[in-house]
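First up is the structure itself, then whatever we jot down about it.
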Amino acid sequence: MTFTRAIGIVCGKIIEKIVHLLALSRIHPNVLTAIGLAINIWAAWLFAAGRFRAAAVVVIGAGLFDMVDGRVARETNRVTRFGGFFDSVLDRYSDLALLMGLLVYYASIYRFFYIVLTAIVMTGTVMVSYTRARAENTIPSCKVGFLERPERVVLIIIGALFERMAPVLWVLAVLSNVTVIHRMIYTFQEAKRLEEAQLRPAGGIKIHHN
């Protein structure tokens, strides 16, 4: 067994225990989701104050609530359509809150270029989620692309811990918008394939024209 595998097993067991305890407490999963947002707002305040390493630790704490709310819902048989919607909406607020904190920080030190760069990251972050949601009204699934929310959060944590947020913002700005373009191309291809399939005669019967 590798070292990383062992860490994964130990962390998994810890999360299982936390989920079990939360399930026993009968706390509603939506409350856990809301607590996660509140913690991310705290992290945003730390980012705005320039306390990047402290913010990283708080974001890690918020991530715990992101991991357990859905599992608690399943363990307590409280999985609902609204719960999934509520979780998704508050995730977007959490993402934007962190970036808003960075906007305030860069504005406070008069770094205009990084204000613009952070705004580009914010746009890409919203559009990654939007393109998937909108695409899945047209095609069955659109999970393509590298930069999903977990990857974005991990990158922000790394940038904050090592106080190298500028290169992380560049990576986020580029990859988030590349992911959007990838999803647009994929949706175009899949939509075209589905439309062509609908135009084919039922049962694969070929129609010959004389």
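Ordering of the structure tokens sets the chain letters (A, B, ...), residue numbers begin anew at 1 in every chain, and ligands are numbered from 1 in the order given.
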(request) For range 33-43 of chain A, list every protein, DNA or RNA residue within 6 Å, evaluated using only C-alpha atoms, and leave out those in the same chain fewer than 4 positions away; present the list as number ranges by chain. (result) A: 55, 58, 62, 65, 94, 97
Each residue of range 32-133 of chain A with at least one atom at most 9 Å from range 144-150 of chain A should appear once, together with its nearest atom pair and the corresponding distance in Å (one decimal); atoms considered: only C-alpha atoms; ordering: chain, then increasing residue number; output as JSON lines.
{"residue": "A:Gly63", "atom": "CA", "partner": "A:Pro150", "partner_atom": "CA", "distance": 8.9}
{"residue": "A:Asp91", "atom": "CA", "partner": "A:Arg149", "partner_atom": "CA", "distance": 8.6}
{"residue": "A:Asp95", "atom": "CA", "partner": "A:Arg149", "partner_atom": "CA", "distance": 8.3}
{"residue": "A:Thr125", "atom": "CA", "partner": "A:Arg149", "partner_atom": "CA", "distance": 8.3}
{"residue": "A:Val128", "atom": "CA", "partner": "A:Glu148", "partner_atom": "CA", "distance": 7.5}
{"residue": "A:Ser129", "atom": "CA", "partner": "A:Glu148", "partner_atom": "CA", "distance": 8.2}
{"residue": "A:Arg132", "atom": "CA", "partner": "A:Val144", "partner_atom": "CA", "distance": 8.7}
Written selection (C-alpha atoms) as an mmCIF file, in the first residue's frame:
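part_16.cif, written as the output of this step:
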data_model
loop_
_atom_site.group_PDB
_atom_site.id
_atom_site.type_symbol
_atom_site.label_atom_id
_atom_site.label_comp_id
_atom_site.auth_asym_id
_atom_site.auth_seq_id
_atom_site.Cartn_x
_atom_site.Cartn_y
_atom_site.Cartn_z
ATOM 1 C CA GLY A 63 -14.290 22.137 2.312
ATOM 2 C CA ASP A 91 -21.292 26.686 -3.916
ATOM 3 C CA ASP A 95 -16.593 30.570 -4.996
ATOM 4 C CA THR A 125 -15.736 30.344 -12.582
ATOM 5 C CA VAL A 128 -17.805 26.771 -16.068
ATOM 6 C CA SER A 129 -20.863 26.009 -13.957
ATOM 7 C CA ARG A 132 -22.599 22.578 -17.791
#
Report the closest atom pair, with its distance in Å rounded to one decimal, for each residue of range 108-128 of chain A that has an atom no farther than 12 Å from range 176-187 of chain A; count only C-alpha atoms, sort by chain and then rising residue number, and write it as JSON lines.
{"residue": "A:Ile120", "atom": "CA", "partner": "A:Asn177", "partner_atom": "CA", "distance": 8.9}
{"residue": "A:Val121", "atom": "CA", "partner": "A:Ser176", "partner_atom": "CA", "distance": 7.3}
{"residue": "A:Met122", "atom": "CA", "partner": "A:Ser176", "partner_atom": "CA", "distance": 9.3}
{"residue": "A:Thr123", "atom": "CA", "partner": "A:Asn177", "partner_atom": "CA", "distance": 8.5}
{"residue": "A:Gly124", "atom": "CA", "partner": "A:Ser176", "partner_atom": "CA", "distance": 5.1}
{"residue": "A:Thr125", "atom": "CA", "partner": "A:Ser176", "partner_atom": "CA", "distance": 6.2}
{"residue": "A:Val126", "atom": "CA", "partner": "A:Ser176", "partner_atom": "CA", "distance": 9.2}
{"residue": "A:Met127", "atom": "CA", "partner": "A:Val180", "partner_atom": "CA", "distance": 6.5}
{"residue": "A:Val128", "atom": "CA", "partner": "A:Val180", "partner_atom": "CA", "distance": 5.3}
For those residues, write C-alpha atoms to a file as a compact mmCIF listing (two decimals), in the first residue's frame.
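Everything below was put into result_26.txt:
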# COMPACT_ATOMS: atom_id res chain seq x y z
CA ILE A 120 -11.59 37.27 -15.38
CA VAL A 121 -11.29 34.34 -12.97
CA MET A 122 -14.70 35.19 -11.51
CA THR A 123 -16.22 35.21 -14.99
CA GLY A 124 -14.62 31.89 -15.89
CA THR A 125 -15.74 30.34 -12.58
CA VAL A 126 -19.38 31.27 -13.18
CA MET A 127 -19.28 30.21 -16.82
CA VAL A 128 -17.80 26.77 -16.07
(request) Would you mind listing what lies within 12 Å of range 69-73 of chain A as a ChimeraX atom specification, with only C-alpha atoms counted and same-chain residues fewer than 6 positions away left out? (result) /A:15-37,62-63,79-88,91
(request) Please give the complete set of residues from range 17-183 of chain A that DSSP, run on the backbone, assigns to helix (DSSP H, G or I), formatted as a ChimeraX atom specification. (result) /A:17-25,29-48,52-75,81-108,112-135,149-161,165-183
